[in-house]
Structures are given as structure tokens and as C-alpha cells.
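Structure file query25.cif; described as mmCIF, C-alpha atoms.
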data_input
loop_
_atom_site.group_PDB
_atom_site.id
_atom_site.type_symbol
_atom_site.label_atom_id
_atom_site.label_comp_id
_atom_site.auth_asym_id
_atom_site.auth_seq_id
_atom_site.Cartn_x
_atom_site.Cartn_y
_atom_site.Cartn_z
ATOM 1 C CA MET A 25 24.758 17.964 2.069
ATOM 2 C CA SER A 26 23.059 18.276 5.413
ATOM 3 C CA ALA A 27 24.933 17.071 8.500
ATOM 4 C CA THR A 28 22.548 14.253 9.381
ATOM 5 C CA ARG A 29 21.208 12.070 6.670
ATOM 6 C CA LYS A 30 19.067 9.191 7.770
ATOM 7 C CA ILE A 31 16.340 6.857 6.576
ATOM 8 C CA GLN A 32 13.598 5.957 8.996
ATOM 9 C CA VAL A 33 11.173 3.065 8.658
ATOM 10 C CA THR A 34 8.201 3.038 11.019
ATOM 11 C CA ILE A 35 6.044 -0.058 11.331
ATOM 12 C CA GLY A 36 2.654 0.449 12.974
ATOM 13 C CA ASN A 37 0.813 -2.040 15.157
ATOM 14 C CA ASP A 38 -1.304 -3.209 12.247
ATOM 15 C CA GLY A 39 1.659 -3.623 9.913
ATOM 16 C CA ASP A 40 1.325 -0.314 8.097
ATOM 17 C CA VAL A 41 4.690 0.992 7.002
ATOM 18 C CA SER A 42 6.096 4.452 6.397
ATOM 19 C CA VAL A 43 9.515 5.201 4.950
ATOM 20 C CA GLU A 44 10.984 8.653 5.532
ATOM 21 C CA ALA A 45 14.256 10.218 4.444
ATOM 22 C CA PHE A 46 15.824 13.146 6.260
ATOM 23 C CA GLY A 47 18.699 15.448 5.317
ATOM 24 C CA TYR A 48 18.917 14.588 1.614
ATOM 25 C CA LYS A 49 19.157 17.028 -1.295
ATOM 26 C CA GLY A 50 16.714 16.941 -4.205
ATOM 27 C CA GLY A 51 15.815 13.520 -5.499
ATOM 28 C CA LYS A 52 18.590 11.686 -3.664
ATOM 29 C CA CYS A 53 16.114 10.708 -0.979
ATOM 30 C CA VAL A 54 14.118 8.751 -3.566
ATOM 31 C CA GLU A 55 17.244 6.903 -4.626
ATOM 32 C CA ALA A 56 18.260 6.165 -1.034
ATOM 33 C CA THR A 57 14.884 4.814 0.024
ATOM 34 C CA LYS A 58 14.145 2.828 -3.160
ATOM 35 C CA PRO A 59 15.210 -0.604 -1.836
ATOM 36 C CA LEU A 60 12.942 -0.248 1.175
ATOM 37 C CA ARG A 61 10.054 1.276 -0.743
ATOM 38 C CA ASP A 62 10.100 -1.482 -3.343
ATOM 39 C CA ALA A 63 10.222 -4.197 -0.691
ATOM 40 C CA LEU A 64 7.716 -2.775 1.751
ATOM 41 C CA LEU A 65 5.385 -0.467 -0.119
ATOM 42 C CA GLY A 66 5.270 -1.741 -3.681
ATOM 43 C CA PRO A 67 6.316 0.080 -6.847
ATOM 44 C CA ASP A 68 3.132 2.099 -7.348
ATOM 45 C CA VAL A 69 2.944 3.665 -3.929
ATOM 46 C CA GLN A 70 2.014 7.314 -3.662
ATOM 47 C CA SER A 71 4.908 9.529 -2.512
ATOM 48 C CA GLU A 72 4.321 12.566 -0.402
ATOM 49 C CA LYS A 73 7.069 14.993 -1.367
ATOM 50 C CA LYS A 74 7.581 18.162 0.581
ATOM 51 C CA PRO A 75 8.228 21.418 -1.307
ATOM 52 C CA GLU A 76 11.958 21.154 -0.583
ATOM 53 C CA PHE A 77 12.099 18.109 -2.815
ATOM 54 C CA TYR A 78 11.928 20.391 -5.830
ATOM 55 C CA GLN A 79 14.715 22.682 -4.531
ATOM 56 C CA SER A 80 17.983 21.021 -5.382
ATOM 57 C CA ASP A 81 20.021 22.754 -2.691
ATOM 58 C CA ALA A 82 17.551 22.414 0.093
ATOM 59 C CA THR A 83 17.226 19.802 2.766
ATOM 60 C CA VAL A 84 14.548 17.365 1.792
ATOM 61 C CA GLN A 85 12.149 15.135 3.586
ATOM 62 C CA LEU A 86 10.326 12.434 1.718
ATOM 63 C CA LYS A 87 7.624 10.467 3.372
ATOM 64 C CA GLU A 88 5.969 7.443 1.885
ATOM 65 C CA THR A 89 3.193 5.609 3.541
ATOM 66 C CA GLU A 90 1.297 2.524 2.636
ATOM 67 C CA MET B 6 -21.157 -15.674 4.382
ATOM 68 C CA SER B 7 -17.843 -15.450 2.632
ATOM 69 C CA HIS B 8 -15.379 -12.686 3.147
ATOM 70 C CA VAL B 9 -12.279 -13.382 1.145
ATOM 71 C CA ASP B 10 -10.184 -10.327 1.502
ATOM 72 C CA THR B 11 -6.836 -8.729 1.094
ATOM 73 C CA SER B 12 -5.767 -5.329 2.327
ATOM 74 C CA ALA B 13 -3.147 -2.697 1.655
ATOM 75 C CA ALA B 14 -0.786 -3.822 4.350
ATOM 76 C CA CYS B 15 -0.357 -7.443 3.373
ATOM 77 C CA ARG B 16 1.997 -7.521 0.414
ATOM 78 C CA VAL B 17 4.708 -10.115 0.769
ATOM 79 C CA THR B 18 7.958 -9.739 -1.141
ATOM 80 C CA ASP B 19 10.184 -11.720 1.219
ATOM 81 C CA LEU B 20 9.034 -15.287 1.909
ATOM 82 C CA GLU B 21 11.997 -15.881 4.213
ATOM 83 C CA ALA B 22 10.874 -12.973 6.384
ATOM 84 C CA LEU B 23 7.371 -14.428 6.512
ATOM 85 C CA PHE B 24 8.725 -17.875 7.403
ATOM 86 C CA LEU B 25 10.850 -16.323 10.144
ATOM 87 C CA THR B 26 7.878 -14.372 11.506
ATOM 88 C CA LEU B 27 5.709 -17.476 11.740
ATOM 89 C CA LYS B 28 8.513 -19.331 13.494
ATOM 90 C CA GLU B 29 9.026 -16.491 15.963
ATOM 91 C CA GLN B 30 5.460 -15.608 16.868
ATOM 92 C CA CYS B 31 2.988 -18.186 15.516
ATOM 93 C CA PRO B 32 3.981 -21.584 16.944
ATOM 94 C CA GLU B 33 0.693 -23.243 15.901
ATOM 95 C CA LEU B 34 1.019 -22.260 12.242
ATOM 96 C CA GLU B 35 3.139 -23.232 9.269
ATOM 97 C CA LEU B 36 3.925 -21.903 5.797
ATOM 98 C CA VAL B 37 3.566 -24.560 3.122
ATOM 99 C CA LYS B 38 3.838 -24.665 -0.637
ATOM 100 C CA GLN B 39 0.336 -25.430 -1.919
ATOM 101 C CA LYS B 40 -2.038 -24.190 -4.598
ATOM 102 C CA THR B 41 -5.175 -24.079 -2.467
ATOM 103 C CA TYR B 42 -6.241 -22.102 0.566
ATOM 104 C CA ARG B 43 -9.362 -23.068 2.499
ATOM 105 C CA THR B 44 -12.300 -20.643 2.550
ATOM 106 C CA TRP B 45 -16.064 -20.759 2.998
ATOM 107 C CA VAL B 46 -16.263 -22.056 -0.584
ATOM 108 C CA ASP B 47 -14.679 -25.383 0.430
ATOM 109 C CA ASP B 48 -17.545 -26.110 2.803
ATOM 110 C CA HIS B 49 -20.453 -24.469 1.002
ATOM 111 C CA GLY B 50 -19.631 -24.649 -2.691
ATOM 112 C CA GLY B 51 -19.711 -20.957 -3.520
ATOM 113 C CA LEU B 52 -19.470 -17.382 -2.317
ATOM 114 C CA VAL B 53 -22.528 -15.821 -0.712
ATOM 115 C CA GLY B 54 -21.962 -12.526 -2.467
ATOM 116 C CA ASP B 55 -22.453 -10.284 0.547
ATOM 117 C CA TYR B 56 -18.987 -8.786 0.106
ATOM 118 C CA PRO B 57 -17.311 -7.488 -3.027
ATOM 119 C CA LEU B 58 -14.580 -9.660 -4.477
ATOM 120 C CA PRO B 59 -11.060 -8.540 -3.592
ATOM 121 C CA TRP B 60 -9.622 -6.276 -6.282
ATOM 122 C CA LEU B 61 -7.425 -8.919 -7.905
ATOM 123 C CA TYR B 62 -10.433 -11.191 -8.458
ATOM 124 C CA GLN B 63 -12.480 -8.268 -9.771
ATOM 125 C CA LEU B 64 -9.689 -7.624 -12.258
ATOM 126 C CA LYS B 65 -9.498 -11.290 -13.257
ATOM 127 C CA MET B 66 -13.290 -11.441 -13.605
ATOM 128 C CA ILE B 67 -13.358 -8.429 -15.940
ATOM 129 C CA SER B 68 -10.404 -9.867 -17.864
ATOM 130 C CA LEU B 69 -12.399 -13.039 -18.508
ATOM 131 C CA VAL B 70 -15.182 -11.028 -20.108
ATOM 132 C CA ILE B 71 -12.658 -8.976 -22.109
ATOM 133 C CA LYS B 72 -11.137 -12.210 -23.380
ATOM 134 C CA LYS B 73 -14.531 -13.231 -24.719
ATOM 135 C CA TYR B 74 -15.821 -9.931 -26.106
ATOM 136 C CA GLY B 75 -12.869 -7.542 -26.365
ATOM 137 C CA GLU B 76 -12.293 -4.470 -24.236
ATOM 138 C CA ALA B 77 -14.555 -1.965 -25.981
ATOM 139 C CA LYS B 78 -17.615 -4.229 -25.893
ATOM 140 C CA THR B 79 -16.909 -5.231 -22.287
ATOM 141 C CA ARG B 80 -16.780 -1.590 -21.242
ATOM 142 C CA GLN B 81 -20.078 -0.967 -23.032
ATOM 143 C CA MET B 82 -21.665 -4.000 -21.360
ATOM 144 C CA ALA B 83 -20.607 -2.632 -17.974
ATOM 145 C CA LYS B 84 -21.850 0.830 -18.879
ATOM 146 C CA ASP B 85 -25.210 -0.593 -19.911
ATOM 147 C CA VAL B 86 -25.756 -1.802 -16.339
ATOM 148 C CA GLY B 87 -24.535 1.476 -14.841
ATOM 149 C CA VAL B 88 -20.890 0.640 -14.123
ATOM 150 C CA GLU B 89 -18.122 2.751 -15.620
ATOM 151 C CA LEU B 90 -14.954 0.655 -15.681
ATOM 152 C CA PRO B 91 -11.817 2.717 -14.971
ATOM 153 C CA ALA B 92 -9.918 4.002 -18.020
ATOM 154 C CA ASN B 93 -6.900 2.084 -16.803
ATOM 155 C CA LEU B 94 -8.059 -1.244 -15.425
ATOM 156 C CA ARG B 95 -4.987 -1.366 -13.144
ATOM 157 C CA ASP B 96 -6.707 1.348 -11.118
ATOM 158 C CA ILE B 97 -9.044 -1.325 -9.762
ATOM 159 C CA GLU B 98 -6.242 -2.123 -7.331
ATOM 160 C CA LYS B 99 -6.575 1.295 -5.713
ATOM 161 C CA ASN B 100 -10.298 1.722 -6.272
ATOM 162 C CA PRO B 101 -12.058 -1.636 -6.368
ATOM 163 C CA MET B 102 -15.786 -1.865 -6.956
ATOM 164 C CA ASP B 103 -17.964 -1.736 -3.893
ATOM 165 C CA LEU B 104 -20.707 -4.276 -3.320
ATOM 166 C CA LYS B 105 -23.374 -2.101 -4.984
ATOM 167 C CA GLN B 106 -21.290 -1.675 -8.141
ATOM 168 C CA GLN B 107 -20.424 -5.357 -8.208
ATOM 169 C CA ARG B 108 -24.096 -6.306 -7.926
ATOM 170 C CA GLN B 109 -24.935 -3.922 -10.753
ATOM 171 C CA LEU B 110 -22.220 -5.484 -12.891
ATOM 172 C CA LEU B 111 -23.445 -8.994 -12.131
ATOM 173 C CA SER B 112 -26.901 -8.120 -13.434
ATOM 174 C CA ASN B 113 -25.246 -8.735 -16.811
ATOM 175 C CA PRO B 114 -25.214 -12.533 -17.393
ATOM 176 C CA ASP B 115 -21.695 -12.582 -18.854
ATOM 177 C CA PHE B 116 -20.237 -10.836 -15.830
ATOM 178 C CA LYS B 117 -22.323 -13.132 -13.625
ATOM 179 C CA ASP B 118 -20.827 -16.180 -15.383
ATOM 180 C CA ALA B 119 -17.340 -14.760 -14.933
ATOM 181 C CA TYR B 120 -18.066 -14.158 -11.244
ATOM 182 C CA GLU B 121 -19.264 -17.734 -10.782
ATOM 183 C CA HIS B 122 -16.140 -18.977 -12.538
ATOM 184 C CA MET B 123 -14.019 -16.952 -10.108
ATOM 185 C CA ALA B 124 -15.961 -18.294 -7.129
ATOM 186 C CA GLN B 125 -15.868 -21.927 -8.259
ATOM 187 C CA LYS B 126 -12.538 -22.260 -10.016
ATOM 188 C CA VAL B 127 -10.196 -19.493 -8.918
ATOM 189 C CA VAL B 128 -10.750 -18.156 -5.385
ATOM 190 C CA GLY B 129 -8.941 -20.476 -2.999
ATOM 191 C CA LYS B 130 -7.244 -22.366 -5.831
ATOM 192 C CA ASP B 131 -4.712 -19.852 -7.117
ATOM 193 C CA ALA B 132 -2.129 -19.673 -4.340
ATOM 194 C CA GLU B 133 1.567 -20.436 -4.445
ATOM 195 C CA TYR B 134 1.887 -20.882 -0.682
ATOM 196 C CA ALA B 135 -0.477 -21.053 2.260
ATOM 197 C CA ILE B 136 -0.379 -20.355 5.970
ATOM 198 C CA ARG B 137 -2.303 -22.932 7.950
ATOM 199 C CA TYR B 138 -2.509 -24.634 11.323
ATOM 200 C CA LYS B 139 0.086 -27.344 11.737
ATOM 201 C CA PRO B 140 -1.625 -30.768 11.312
ATOM 202 C CA GLU B 141 -0.970 -31.704 14.951
ATOM 203 C CA GLN B 142 -3.198 -28.796 16.046
ATOM 204 C CA GLY B 143 -6.189 -30.789 14.752
ATOM 205 C CA LYS B 144 -7.997 -27.743 13.386
ATOM 206 C CA LYS B 145 -8.961 -29.077 10.003
ATOM 207 C CA SER B 146 -11.973 -26.806 9.582
ATOM 208 C CA ALA B 147 -9.963 -23.608 10.014
ATOM 209 C CA TYR B 148 -9.508 -21.552 6.884
ATOM 210 C CA GLU B 149 -6.065 -20.814 5.460
ATOM 211 C CA ILE B 150 -4.269 -17.714 4.236
ATOM 212 C CA GLY B 151 -3.307 -17.969 0.586
ATOM 213 C CA LEU B 152 -0.266 -16.235 -0.824
ATOM 214 C CA VAL B 153 -1.440 -15.315 -4.296
ATOM 215 C CA LYS B 154 0.798 -13.702 -6.911
ATOM 216 C CA ASN B 155 -0.146 -10.086 -7.510
ATOM 217 C CA PRO B 156 -1.299 -10.041 -11.153
ATOM 218 C CA LEU B 157 0.122 -6.516 -11.492
ATOM 219 C CA ASN B 158 3.466 -7.253 -9.852
ATOM 220 C CA GLN B 159 4.905 -10.725 -10.211
ATOM 221 C CA ASP B 160 7.502 -9.986 -7.529
ATOM 222 C CA GLU B 161 4.980 -9.905 -4.740
ATOM 223 C CA PHE B 162 2.343 -12.052 -3.119
ATOM 224 C CA LEU B 163 -0.927 -10.871 -1.665
ATOM 225 C CA MET B 164 -2.188 -12.492 1.504
ATOM 226 C CA MET B 165 -5.751 -13.660 0.933
ATOM 227 C CA CYS B 166 -7.996 -14.840 3.741
ATOM 228 C CA ASP B 167 -11.671 -15.470 4.327
ATOM 229 C CA PHE B 168 -12.135 -13.681 7.637
ATOM 230 C CA TYR B 169 -15.646 -15.025 8.298
ATOM 231 C CA ALA B 170 -15.778 -16.307 11.909
ATOM 232 C CA ASN B 171 -12.151 -15.264 12.258
ATOM 233 C CA GLY B 172 -11.205 -17.475 9.370
ATOM 234 C CA ASN B 173 -13.031 -20.339 11.119
ATOM 235 C CA GLY B 174 -10.519 -19.958 13.939
ATOM 236 C CA LEU B 175 -7.330 -19.346 11.971
ATOM 237 C CA LEU B 176 -7.132 -15.693 12.977
ATOM 238 C CA ARG B 177 -7.331 -16.659 16.661
ATOM 239 C CA ALA B 178 -3.966 -18.436 16.448
ATOM 240 C CA LYS B 179 -1.235 -17.024 18.659
ATOM 241 C CA GLY B 180 0.626 -14.179 17.002
ATOM 242 C CA MET B 181 -1.896 -13.705 14.182
ATOM 243 C CA GLY B 182 -4.369 -10.940 15.061
ATOM 244 C CA GLU B 183 -8.148 -11.311 14.967
ATOM 245 C CA HIS B 184 -10.586 -9.827 12.497
ATOM 246 C CA LYS B 185 -11.706 -6.295 13.323
ATOM 247 C CA SER B 186 -14.365 -4.204 11.684
ATOM 248 C CA GLN B 187 -14.117 -0.481 12.221
ATOM 249 C CA GLY B 188 -15.676 2.364 10.302
ATOM 250 C CA GLY B 189 -16.715 0.060 7.486
ATOM 251 C CA LYS B 190 -13.199 -1.290 7.094
ATOM 252 C CA ASP B 191 -12.232 -4.873 7.841
ATOM 253 C CA THR B 192 -8.754 -5.768 9.032
ATOM 254 C CA TRP B 193 -7.210 -9.020 10.152
ATOM 255 C CA GLY B 194 -3.830 -10.525 10.953
ATOM 256 C CA ALA B 195 -2.415 -7.293 12.392
ATOM 257 C CA GLU B 196 0.177 -9.055 14.551
ATOM 258 C CA LEU B 197 1.401 -11.223 11.685
ATOM 259 C CA LYS B 198 1.579 -8.269 9.308
ATOM 260 C CA HIS B 199 3.443 -6.190 11.882
ATOM 261 C CA GLY B 200 5.952 -8.967 12.563
ATOM 262 C CA TYR B 201 6.430 -9.597 8.863
ATOM 263 C CA ALA B 202 6.992 -5.911 8.070
ATOM 264 C CA VAL B 203 9.614 -5.598 10.815
ATOM 265 C CA ASN B 204 11.478 -8.687 9.640
ATOM 266 C CA ALA B 205 11.236 -7.774 5.964
ATOM 267 C CA ALA B 206 12.487 -4.232 6.616
ATOM 268 C CA GLU B 207 15.336 -5.412 8.792
ATOM 269 C CA ARG B 208 16.419 -8.058 6.286
ATOM 270 C CA LYS B 209 16.329 -5.525 3.441
ATOM 271 C CA ILE B 210 18.456 -3.070 5.444
ATOM 272 C CA GLN B 211 20.947 -5.810 6.327
ATOM 273 C CA ALA B 212 21.160 -6.831 2.657
ATOM 274 C CA GLN B 213 21.882 -3.241 1.610
ATOM 275 C CA ILE B 214 24.590 -2.931 4.256
ATOM 276 C CA LYS B 215 26.140 -6.192 3.059
ATOM 277 C CA ALA B 216 25.953 -5.063 -0.571
ATOM 278 C CA GLY B 217 27.834 -1.867 0.289
ATOM 279 C CA HIS B 218 25.070 0.641 -0.451
ATOM 280 C CA PRO B 219 26.562 4.016 0.614
ATOM 281 C CA GLU B 220 23.367 5.168 2.313
ATOM 282 C CA TYR B 221 23.129 2.010 4.407
ATOM 283 C CA GLY B 222 26.012 1.977 6.887
ATOM 284 C CA SER B 223 24.368 0.868 10.108
ATOM 285 C CA TYR B 224 20.951 0.815 11.733
ATOM 286 C CA LYS B 225 19.241 0.696 15.051
ATOM 287 C CA LYS B 226 15.865 -0.750 15.975
ATOM 288 C CA VAL B 227 13.654 0.817 18.624
ATOM 289 C CA LYS B 228 10.318 -0.417 19.918
ATOM 290 C CA LEU B 229 8.157 2.512 20.997
ATOM 291 C CA ASN B 230 5.850 2.391 24.019
ATOM 292 C CA ASP B 231 2.790 2.273 21.770
ATOM 293 C CA GLY B 232 4.068 -0.867 20.036
ATOM 294 C CA ARG B 233 5.350 0.728 16.842
ATOM 295 C CA VAL B 234 8.829 -0.246 15.705
ATOM 296 C CA VAL B 235 11.258 2.276 14.238
ATOM 297 C CA LEU B 236 14.306 1.278 12.186
ATOM 298 C CA GLU B 237 16.761 4.126 11.698
ATOM 299 C CA VAL B 238 19.436 3.786 9.026
ATOM 300 C CA THR B 239 22.523 6.003 8.883
ATOM 301 C CA PRO B 240 24.865 6.197 5.900
ATOM 302 C CA ARG B 241 28.445 4.923 5.692
ATOM 303 C CA ASN B 242 29.761 8.477 5.552
ATOM 304 C CA PRO B 243 27.294 10.681 7.417
#

Can you give me the file's structure in the form of C-alpha cells?
Amino acid sequence: MSATRKIQVTIGNDGDVSVEAFGYKGGKCVEATKPLRDALLGPDVQSEKKPEFYQSDATVQLKETE
Amino acid sequence: MSHVDTSAACRVTDLEALFLTLKEQCPELELVKQKTYRTWVDDHGGLVGDYPLPWLYQLKMISLVIKKYGEAKTRQMAKDVGVELPANLRDIEKNPMDLKQQRQLLSNPDFKDAYEHMAQKVVGKDAEYAIRYKPEQGKKSAYEIGLVKNPLNQDEFLMMCDFYANGNGLLRAKGMGEHKSQGGKDTWGAELKHGYAVNAAERKIQAQIKAGHPEYGSYKKVKLNDGRVVLEVTPRNP
């Protein structure tokens, strides 16, 4: 596991929200951000997964934006 | 004119967060439990039709016709007037009809009847809660924001507002955010939506910390110079 795992929520001036996960392996970022995604973005939101998402041993960044 | 609208950034899943936001930044407004929300229709009896219906009303309108004729025939009726309904009707949420498509659809009398039903009986009458001026503000003609259940997700409300003339003054309330039209896109209530999103995010993070979620140990909140707010969550065992 990477040294610094964190979840970052950014709220823009017009209320747009992005949820990003840093330092997670594989799909764990999806699991970690689920409570915030469900509450802020809705269940059907499009996820932007970086290539590392599909590499189980790699550091992953997941960004979801409404 | 009648511009009842919702937009991507106004889903509400946490009524407490919305209540808190109004209390913090909108002293002239209140959140009340009521079925109706005032729009142009209240004063003029119908929609003008110069804007497409918001997606949830488009979906409800099509559903009315499906109820009468079945899905296959409804699709054919739409096709006959040049409108291809999406294979999955839920996709209307992401890709609603534009005004041209809606007008084409309404050239069919059954869709027109369904539209009139929406305008007369549904829009402005299907809310669970509403945001309005407090009575002591004396702004009875101002429109109201309706919190309408999302037909595709019963856990969330959609904020609906007629933004014509800034919602007849509603959108000029302190802490709300006026109507803006830019690049063909209409937005309104930016300050309220921003405040709500911050409160809802913070409350969700706090709830996860309290519930012992391993990835939610602590958090910090930072307001950037450009007004954006960043909430950074670190796990219990980094």
C-alpha cells in the first residue's frame, strides 16, 4: 500500500463536486470513496479511472466529477 | 415565459445539510414541508413552452403515453414525428430532449395532451419540500424551489425552480445565487448549491468517522483563494 492514502473532495463555486482518491491499490479507491460518491454524485455517475486502476499492485487515482 | 429547471449539481440527499445551509447563509429563506412550489404556472395557468421540460418531467410525460398505448406503440408514435426515444428511457436523465425535439414530439396530439397534463397537474405540485421566502419578508409573488423526488432514485431530491426573472426575485435572496446564462447553459442558485455540497460532504465524512470506517480517520477543510473548498480525508491507519 502506498505511504499516503487520502480522499479529496473539491467543491466548486457553483456547487460542482469532484471526489478523488490517492494512494489506493486497484479497486479499493472505489470502495473508500463510495459513501461520498453516493451522497454527492449519485449512483449513476461516470467514473474516470486512470490506467493504474486496472493494475492491482499499482498506485491508483480515481477521479469522479459531477 | 416559464423556465422550470433542474441541473446536474442540485441533487439533495441530506435534508439536514440543506436546512443547515439555509440557516447559515440564507436568512430570508426557509425550508418547509409542502407539496407545491410556485412557478410561472401559478400566475399564468400554463407553461409557455419556450424551454424544454426538465428531464424528469419529460420522462413522466412519456410514461403517461406508455401507460395508455404501451411502450412499442409509444416509440412508434414518437418515431412518426421524427423523435427516436432512447433505448433505455432512463437515459433521458443524461440526454434530455432539446426544445426542437420536444416540439416535434408535441406535434403528436397524445404527447401534447401528456405535456398539458404535466404543465397543469404535475409541475409545481409534486414536491415533498420547498424553499421559499419567510412570510415576514412579504414576497408572496416570488417563486419557490421545489424538492422533488428523483423518479430514478428515491433516495434523492432534485431542486426544481422556475428561473424566469430570477425566480420572480427568489434567486436574489442573500446566499442563493442569481440566474446566469452562459454558452446556452442556464445555472442558478450557485451559492446555495455550493454551501449545501460543503455541508453534505462534511456531514458524510463525520458520519463515516463516527461509524469507524477505516478509510475515514480525520479530515481537514481548506477554502482556496478562488472560493473552492477542499475536504481532505486521511485514514485511521495511514

TODO: Apply the PyMOL selection byres ((chain B) within 7 of (chain A)) to the file shown and report the selected residues as a list in words.
DONE: Ala13, Ala14, Thr18, Ala195, Glu196, Lys198, His199, Ala202, Val203, Ala206, Lys209, Glu220, Gly232, Arg233, Val234, Val235, Leu236, Glu237, Val238, Thr239, Pro240 and Pro243 of chain B

Open item on the list: Using all atoms listed in the file for the distances, tell me which of B:Gln109, B:Gln159, B:Ser223, B:Ser146 is nearest to Met82 in chain B.
Closed with: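 Residue with the minimum atom-to-atom distance to Met82 in chain B: B:Gln109.
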
TODO: Evaluate the PyMOL selection byres ((chain B and resi 128-135) around 6) on the structure here and hand back the selected residues as a PyMOL selection string.
DONE: chain B and resi 36-42+123-124+127+136+150-153

Task: Non-local contacts of Gln211 in chain B (9 Å; only C-alpha atoms; under 3 positions in same chain excluded) as a ChimeraX atom specification - done: /B:206-208,214-216,221,223-224

- [ ] Just the residues within 12 Å of Leu197 in chain B, please, counting all atoms listed in the file, with nothing from its chain fewer than 3 positions along; format it as an MDAnalysis selection string.
- [x] (chainID A and resid 36:40) or (chainID B and resid 14:17 22:32 34 136 150 164 175:183 192:194 200:205)

TODO: Kindly give the distance, in Å, that separates CA of Gly143 in chain B and CA of Thr44 in chain B, rounded to a single decimal.
DONE: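 Those two atoms sit 17.0 Å apart.
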
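The two atoms in question, CA of Tyr120 in chain B and CA of Met66 in chain B, are spaced 6.0 Å apart.
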